[in-house]
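Here's structure_31.txt, which has compact mmCIF, C-alpha atoms and all ligand atoms:
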# COMPACT_ATOMS: atom_id res chain seq x y z
CA MET A 206 66.81 133.57 50.11
CA PRO A 207 70.16 134.41 51.81
CA LYS A 208 69.92 134.85 55.60
CA SER A 209 70.42 138.41 56.84
CA ASN A 210 73.39 139.23 59.09
CA GLY A 211 71.27 141.46 61.32
CA PRO A 212 68.68 140.61 63.98
CA ASP A 213 65.51 138.75 62.98
CA PRO A 214 62.38 140.97 62.82
CA ASN A 215 61.09 139.92 66.26
CA GLU A 216 64.47 139.55 67.93
CA SER A 217 65.82 142.06 70.48
CA ILE A 218 69.39 143.29 70.03
CA GLU A 219 70.50 141.46 73.18
CA ASP A 220 68.97 138.18 71.97
CA PHE A 221 70.69 138.75 68.65
CA ILE A 222 74.03 139.34 70.42
CA VAL A 223 73.61 136.12 72.43
CA ARG A 224 72.72 134.15 69.31
CA ARG A 225 75.73 135.46 67.37
CA PHE A 226 77.96 134.88 70.38
CA GLU A 227 76.89 131.20 70.42
CA GLU A 228 77.38 130.86 66.66
CA ASN A 229 80.87 132.38 66.87
CA PHE A 230 81.75 130.21 69.84
CA GLN A 231 80.71 127.03 68.02
CA ARG A 232 82.59 128.08 64.89
CA LEU A 233 85.81 128.80 66.82
CA ARG A 234 85.44 125.56 68.74
CA PHE A 235 85.06 123.66 65.50
CA GLU A 236 88.01 125.46 63.88
CA ASN A 237 90.57 125.08 66.66
CA GLY A 238 89.17 122.24 68.78
CA HIS A 239 89.35 124.20 72.08
CA GLY A 240 86.47 124.37 74.51
CA LEU A 241 85.87 126.86 77.31
CA ALA A 242 84.85 126.06 80.85
CA PRO A 243 81.15 127.04 81.21
CA GLU A 244 81.91 129.81 83.71
CA VAL A 245 84.59 131.27 81.42
CA LYS A 246 82.15 131.25 78.52
CA GLU A 247 79.47 132.92 80.68
CA ALA A 248 81.96 135.61 81.77
CA ALA A 249 82.83 136.30 78.11
CA LYS A 250 79.16 136.60 77.18
CA ARG A 251 78.58 138.89 80.15
CA GLN A 252 81.39 141.20 78.97
CA VAL A 253 79.82 141.50 75.52
CA LEU A 254 76.34 142.24 76.89
CA LEU A 255 77.62 144.75 79.45
CA TYR A 256 79.67 146.44 76.75
CA TRP A 257 76.50 146.82 74.69
CA ARG A 258 74.45 148.16 77.61
CA ARG A 259 77.08 150.66 78.75
CA LEU A 260 78.57 151.73 75.41
CA ARG A 261 75.66 151.42 73.08
CA GLU A 262 76.27 154.96 71.77
CA VAL A 263 79.88 154.19 70.86
CA ALA A 264 78.99 150.79 69.39
CA GLU A 265 76.30 152.39 67.19
CA THR A 266 78.59 155.12 65.86
CA ILE A 267 81.51 152.89 64.88
CA THR A 268 82.03 153.49 61.18
CA ASP A 269 84.87 151.02 60.50
CA THR A 270 84.94 147.85 62.60
CA GLU A 271 87.92 145.57 63.05
CA VAL A 272 90.26 147.58 60.85
CA ARG A 273 93.42 145.56 60.40
CA LEU A 274 96.53 147.73 60.62
CA SER A 275 99.85 146.38 59.47
CA LEU A 276 103.43 147.65 59.59
CA PRO A 277 105.34 145.18 57.41
CA GLY A 278 109.02 144.84 56.60
CA GLN A 279 110.55 145.46 60.04
CA VAL A 280 114.00 144.03 60.81
CA THR A 281 115.57 143.28 64.21
CA SER A 282 119.20 144.05 65.12
CA LYS A 283 119.87 140.35 64.42
CA LYS A 284 118.45 140.68 60.91
CA ARG A 285 115.17 138.87 61.59
CA LYS A 286 112.18 140.10 59.62
CA PHE A 287 108.84 140.73 61.33
CA ASN A 288 105.55 142.60 60.85
CA ILE A 289 103.48 144.44 63.46
CA GLU A 290 99.73 143.98 63.18
CA GLY A 291 96.76 145.23 65.15
CA VAL A 292 92.99 145.52 64.91
CA VAL A 293 91.09 148.68 65.88
CA ASP A 294 87.64 150.27 65.54
CA ILE A 295 87.18 153.73 64.03
CA VAL A 296 84.47 156.31 64.73
CA ARG A 297 84.14 159.25 62.32
CA GLU A 298 81.63 161.77 63.52
CA GLU A 299 81.15 165.51 63.09
CA GLY A 300 84.53 165.92 61.40
CA ARG A 301 86.44 164.06 64.13
CA THR A 302 88.06 160.62 63.90
CA VAL A 303 88.59 158.50 66.99
CA MET A 304 90.48 155.20 67.08
CA TYR A 305 89.41 152.63 69.70
CA ASP A 306 91.44 149.63 70.76
CA LEU A 307 89.31 147.05 72.57
CA LYS A 308 91.00 145.18 75.40
CA THR A 309 89.61 142.58 77.76
CA HIS A 310 91.80 144.05 80.51
CA ASP A 311 90.93 145.66 83.82
CA PRO A 312 90.31 149.43 83.36
CA GLU A 313 92.11 150.20 86.63
CA TYR A 314 95.20 148.31 85.52
CA ILE A 315 95.22 150.24 82.24
CA ARG A 316 94.85 153.60 84.01
CA GLU A 317 97.82 152.75 86.22
CA ASN A 318 99.96 151.53 83.31
CA LEU A 319 99.05 154.00 80.58
CA GLY A 320 102.58 153.95 79.12
CA GLU A 321 102.25 150.30 78.00
CA TYR A 322 99.03 151.02 76.12
CA GLU A 323 100.14 154.40 74.81
CA ALA A 324 103.17 152.84 73.08
CA GLN A 325 101.01 150.31 71.22
CA LEU A 326 98.37 152.86 70.22
CA ASN A 327 101.11 155.20 68.97
CA VAL A 328 102.19 152.54 66.47
CA TYR A 329 98.60 152.10 65.28
CA ALA A 330 98.19 155.89 65.04
CA HIS A 331 101.41 156.08 63.03
CA ILE A 332 100.16 153.44 60.56
CA TRP A 333 96.78 155.17 60.28
CA GLN A 334 98.12 158.70 59.84
CA ASN A 335 101.44 158.29 58.07
CA LEU A 336 101.00 155.14 55.99
CA ARG A 337 97.29 155.24 55.29
CA LYS A 338 97.19 159.06 55.21
CA GLN A 339 94.00 159.25 57.28
CA GLU A 340 92.84 161.89 59.78
CA LEU A 341 93.07 161.10 63.48
CA ASN A 342 91.98 163.30 66.38
CA GLU A 343 91.84 160.97 69.34
CA THR A 344 92.79 157.49 70.52
CA ALA A 345 91.30 155.49 73.39
CA VAL A 346 91.26 152.03 74.88
CA ILE A 347 87.94 150.37 75.71
CA ALA A 348 88.58 148.04 78.64
CA THR A 349 85.76 145.51 78.70
CA ARG A 350 86.52 143.68 81.96
CA PRO A 351 83.72 144.60 84.39
CA SER A 352 84.37 145.46 88.04
CA ASP A 353 83.62 142.75 90.63
CA ALA A 354 80.64 144.81 91.85
CA LEU A 355 79.24 145.02 88.31
CA ASP A 356 79.69 141.29 87.80
CA ALA A 357 77.80 140.62 91.03
CA ALA A 358 75.04 143.10 90.11
CA TRP A 359 74.60 141.38 86.74
CA ILE A 360 74.31 137.95 88.33
CA ASN A 361 71.62 139.30 90.72
CA ARG A 362 69.88 141.50 88.13
CA ASP A 363 66.52 139.71 88.36
CA ARG A 364 66.34 140.46 92.08
CA ASN A 365 67.78 143.98 92.01
CA ALA A 366 67.61 145.75 88.64
CA SER A 367 68.44 149.20 90.06
CA ALA A 368 71.74 147.93 91.55
CA LEU A 369 72.75 146.87 88.05
CA GLU A 370 71.85 150.32 86.67
CA ASP A 371 73.92 151.99 89.45
CA GLU A 372 76.96 149.80 88.81
CA LEU A 373 76.70 150.32 85.05
CA GLU A 374 76.68 154.07 85.66
CA ARG A 375 79.83 153.78 87.81
CA TRP A 376 81.67 151.67 85.25
CA ASN A 377 83.85 153.75 82.98
CA PRO A 378 85.52 151.51 80.40
CA VAL A 379 86.60 154.20 77.89
CA ILE A 380 90.11 155.41 78.67
CA PRO A 381 91.39 158.24 76.44
CA ILE A 382 95.08 157.80 75.63
CA PRO A 383 97.01 160.76 74.20
CA PHE A 384 99.00 159.81 71.11
CA ASP A 385 102.36 161.12 70.03
CA THR A 386 103.79 159.30 67.04
CA ARG A 387 107.30 160.75 67.63
CA HIS A 388 108.14 157.82 69.92
CA VAL A 389 107.05 155.13 67.48
CA GLN A 390 110.63 154.13 66.64
CA ASP A 391 111.34 153.32 70.33
CA THR A 392 108.29 151.04 70.45
CA ILE A 393 109.25 149.28 67.21
CA GLU A 394 112.72 148.65 68.71
CA LYS A 395 111.11 147.11 71.80
CA PHE A 396 109.05 144.81 69.57
CA ALA A 397 112.24 143.91 67.66
CA ASN A 398 114.10 143.05 70.89
CA THR A 399 111.18 140.86 71.96
CA VAL A 400 111.23 139.05 68.60
CA ASP A 401 114.97 138.36 69.03
CA ARG A 402 114.52 137.13 72.60
CA ILE A 403 111.72 134.76 71.58
CA GLU A 404 113.67 133.44 68.59
CA ASP A 405 116.81 133.01 70.76
CA GLY A 406 114.78 131.12 73.37
CA VAL A 407 115.47 133.68 76.09
CA TYR A 408 112.49 133.36 78.43
CA ILE A 409 113.50 134.79 81.77
CA PRO A 410 110.60 135.17 84.21
CA PRO A 411 110.48 138.15 86.56
CA PRO A 412 112.01 137.54 90.04
CA PRO A 413 109.78 136.02 92.79
CA SER A 414 109.59 139.41 94.55
CA HIS A 415 107.82 140.79 91.47
CA LEU A 416 105.20 138.05 91.68
CA SER A 417 104.26 139.05 95.22
CA LYS A 418 104.00 142.77 94.40
CA LYS A 419 100.50 144.20 94.92
CA GLU A 420 99.14 145.77 91.76
CA ILE A 421 95.51 146.85 91.79
CA ARG A 422 92.79 146.04 94.30
CA ASP A 423 95.43 144.20 96.35
CA GLU A 424 95.83 141.67 93.53
CA THR A 425 99.40 140.47 93.00
CA PHE A 426 101.14 139.73 89.69
CA ALA A 427 100.97 136.04 90.70
CA THR A 428 97.19 136.25 91.03
CA ARG A 429 96.59 138.40 87.97
CA VAL A 430 99.00 136.72 85.55
CA CYS A 431 100.66 133.53 86.88
CA ARG A 432 97.35 131.98 87.96
CA ASN A 433 96.47 131.68 84.24
CA CYS A 434 99.93 130.64 83.08
CA ASP A 435 100.24 127.06 81.78
CA VAL A 436 103.91 126.75 82.69
CA ARG A 437 103.61 127.98 86.26
CA PHE A 438 104.62 124.70 87.91
CA SER A 439 107.81 124.51 85.91
CA CYS A 440 108.59 128.20 86.44
CA LEU A 441 111.39 128.74 88.99
CA SER A 442 110.07 132.17 89.97
CA PHE A 443 106.59 130.82 90.62
CA ARG A 444 107.93 127.93 92.72
CA GLU A 445 110.15 130.31 94.70
CA TYR A 446 107.19 132.63 95.19
CA LEU A 447 105.09 129.76 96.55
CA LYS A 448 107.89 128.60 98.86
CA THR A 449 108.49 132.08 100.25
CA TYR A 450 105.09 133.70 100.23
CA ARG A 451 102.51 130.86 100.06
CA PRO A 452 104.25 127.77 101.50
CA LYS A 453 100.93 126.03 102.20
CA GLU A 454 100.08 126.08 98.48
CA LEU A 455 103.34 124.48 97.32
CA PRO A 456 102.24 121.42 95.30
CA LYS A 457 103.97 118.03 95.38
CA PHE A 458 105.34 116.62 92.12
CA ARG A 459 102.44 114.17 91.91
CA ASP A 460 99.89 117.03 92.21
CA ILE A 461 101.53 118.81 89.28
CA TYR A 462 101.77 115.62 87.21
CA GLU A 463 98.10 114.84 87.75
CA ASP A 464 96.85 118.42 87.41
CA ALA A 465 94.59 118.31 84.34
CA GLY A 466 92.60 121.37 85.40
CA ALA A 467 89.24 121.69 87.12
CA GLU A 468 86.61 119.03 86.45
CA GLN A 469 84.45 121.44 84.45
CA ASP A 470 87.43 122.38 82.27
CA ARG A 471 88.21 118.72 81.63
CA GLU A 472 84.60 117.98 80.67
CA ALA A 473 84.45 120.99 78.36
CA ARG A 474 87.67 119.85 76.66
CA ILE A 475 86.33 116.31 76.18
CA ASP A 476 82.96 117.57 74.87
CA ALA A 477 84.65 119.99 72.48
CA GLY A 478 87.01 117.27 71.23
CA LEU A 479 84.18 114.77 70.70
CA GLU A 480 81.98 117.25 68.88
CA THR A 481 84.84 118.36 66.65
S1 LIG A 501 104.37 131.52 86.18
FE1 LIG A 501 104.25 132.12 84.05
S2 LIG A 501 103.57 134.27 84.11
FE2 LIG A 501 104.32 133.73 86.16
S3 LIG A 501 106.45 134.39 86.16
FE3 LIG A 501 106.41 132.23 85.58
S4 LIG A 501 106.37 132.22 83.36
FE4 LIG A 501 105.81 134.32 84.01
What does this structure look like when you write it as structure tokens?
Ligand code: SF4
Amino acid sequence: MPKSNGPDPNESIEDFIVRRFEENFQRLRFENGHGLAPEVKEAAKRQVLLYWRRLREVAETITDTEVRLSLPGQVTSKKRKFNIEGVVDIVREEGRTVMYDLKTHDPEYIRENLGEYEAQLNVYAHIWQNLRKQELNETAVIATRPSDALDAAWINRDRNASALEDELERWNPVIPIPFDTRHVQDTIEKFANTVDRIEDGVYIPPPPSHLSKKEIRDETFATRVCRNCDVRFSCLSFREYLKTYRPKELPKFRDIYEDAGAEQDREARIDAGLET
């Protein structure tokens, strides 16, 4: 008998989510040979479970999941062809259609930089309305990164369940974004310019002063973005930033050469490679 895709009869939804998370993780690891450090994997699982607890109503009303939207046949000013693609979720309820774009980003960052997200959603709305000829009443981003307080409450949930409930109540990951498809052409041109810059090998990092700029919760661009960037030690802006703003953290050449990541990351990579 074929195995059902839903939860087993005696399985709770959260156990089902954890089981499917593990299955997906193993499948992706097998397909692309990359592991995840245990704490990164735990954080990803936490985001999925918190999303379910906080947005169960939205998750249950989604009528079309992972709808792939595509705007093919675009051409840059240098005659390079490219397509724009995106994946969204759709809720159709009581005569209204809402498009959700799930992001693993910080909700506060999104609220402070709505323009960036609005431009992308406008392109998706344009594809949905004008190419697919479908109704659309609203667009929103769902930002799944939990606040630090919510993360801490989750970790301590066995000792203090009410703190977790309070933090969940405070967390507001749905960010409505007004759409206006009149500006779609500007966004497509920005994508086209980016395609040309990538193809021409023009990778200019922002100046060091930008890296030290405080963004949200006193976090700088260097902390939010560069910390996770693989080329940071060969990036002139990052090195200048360290020299000027964090001289004590400036690594020696040998440190960079021998930097293979944290021990847990190295072990996860070896395990994943061996298993694959
Ligand atoms: S370290 Fe990476 S993310 Fe940061 S400025 Fe340089 S290239 Fe950009």
Handout entry: For Leu326 of chain A: contacts at 10 Å, all atoms listed in the file, fewer than 3 positions along chain excluded, given as a PyMOL selection string
Key = chain A and resi 291+293+304-306+320-323+329-332+344-346+382-386+389
Exercise for the section: Show me which residues sit within 10 Å of ligand LIG 501 (chain A) when counting all atoms listed in the file, and put them as a PyMOL selection string. Expected result: chain A and resi 408-413+415-416+426-444+446
Keeping only C-alpha atoms, write the selected residues as a JSON list (two decimals), in the frame of the given file.
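The result, written out as result-v8.json:
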[["chain", "number", "residue", "atom", "x", "y", "z"],
["A", 408, "TYR", "CA", 112.49, 133.36, 78.43],
["A", 409, "ILE", "CA", 113.50, 134.79, 81.77],
["A", 410, "PRO", "CA", 110.60, 135.17, 84.21],
["A", 411, "PRO", "CA", 110.48, 138.15, 86.56],
["A", 412, "PRO", "CA", 112.01, 137.54, 90.04],
["A", 413, "PRO", "CA", 109.78, 136.02, 92.79],
["A", 415, "HIS", "CA", 107.82, 140.79, 91.47],
["A", 416, "LEU", "CA", 105.20, 138.05, 91.68],
["A", 426, "PHE", "CA", 101.14, 139.73, 89.69],
["A", 427, "ALA", "CA", 100.97, 136.04, 90.70],
["A", 428, "THR", "CA", 97.19, 136.25, 91.03],
["A", 429, "ARG", "CA", 96.59, 138.40, 87.97],
["A", 430, "VAL", "CA", 99.00, 136.72, 85.55],
["A", 431, "CYS", "CA", 100.66, 133.53, 86.88],
["A", 432, "ARG", "CA", 97.35, 131.98, 87.96],
["A", 433, "ASN", "CA", 96.47, 131.68, 84.24],
["A", 434, "CYS", "CA", 99.93, 130.64, 83.08],
["A", 435, "ASP", "CA", 100.24, 127.06, 81.78],
["A", 436, "VAL", "CA", 103.91, 126.75, 82.69],
["A", 437, "ARG", "CA", 103.61, 127.98, 86.26],
["A", 438, "PHE", "CA", 104.62, 124.70, 87.91],
["A", 439, "SER", "CA", 107.81, 124.51, 85.91],
["A", 440, "CYS", "CA", 108.59, 128.20, 86.44],
["A", 441, "LEU", "CA", 111.39, 128.74, 88.99],
["A", 442, "SER", "CA", 110.07, 132.17, 89.97],
["A", 443, "PHE", "CA", 106.59, 130.82, 90.62],
["A", 444, "ARG", "CA", 107.93, 127.93, 92.72],
["A", 446, "TYR", "CA", 107.19, 132.63, 95.19]]
Handout entry: Which of A:Trp376, A:Trp359, A:Phe221, A:Tyr314 sits closest to Lys419 of chain A [using only C-alpha atoms]
Key =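 For Lys419 of chain A, the nearest of the candidates is A:Tyr314.
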Exercise for the section: Would you list the contacts of Thr270 of chain A as number ranges by chain, taking every protein, DNA or RNA residue within 10 Å and counting only C-alpha atoms, but skipping same-chain residues closer than 4 positions in sequence? Expected result: A: 264, 292-296, 305
May I have the selected residues written with C-alpha atoms, as a PDB file, keeping the file's coordinate frame?
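Writing done, so here's out.pdb:
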ATOM      1  CA  ALA A 264      78.990 150.790  69.390  1.00  0.00           C
ATOM      2  CA  VAL A 292      92.990 145.520  64.910  1.00  0.00           C
ATOM      3  CA  VAL A 293      91.090 148.680  65.880  1.00  0.00           C
ATOM      4  CA  ASP A 294      87.640 150.270  65.540  1.00  0.00           C
ATOM      5  CA  ILE A 295      87.180 153.730  64.030  1.00  0.00           C
ATOM      6  CA  VAL A 296      84.470 156.310  64.730  1.00  0.00           C
ATOM      7  CA  TYR A 305      89.410 152.630  69.700  1.00  0.00           C
TER       8      TYR A 305
END
Handout entry: Interatomic distance (Å, one decimal) between atom CA of Arg259 of chain A and atom CA of Leu373 of chain A
Key =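 Here the two named atoms are 6.3 Å from each other.
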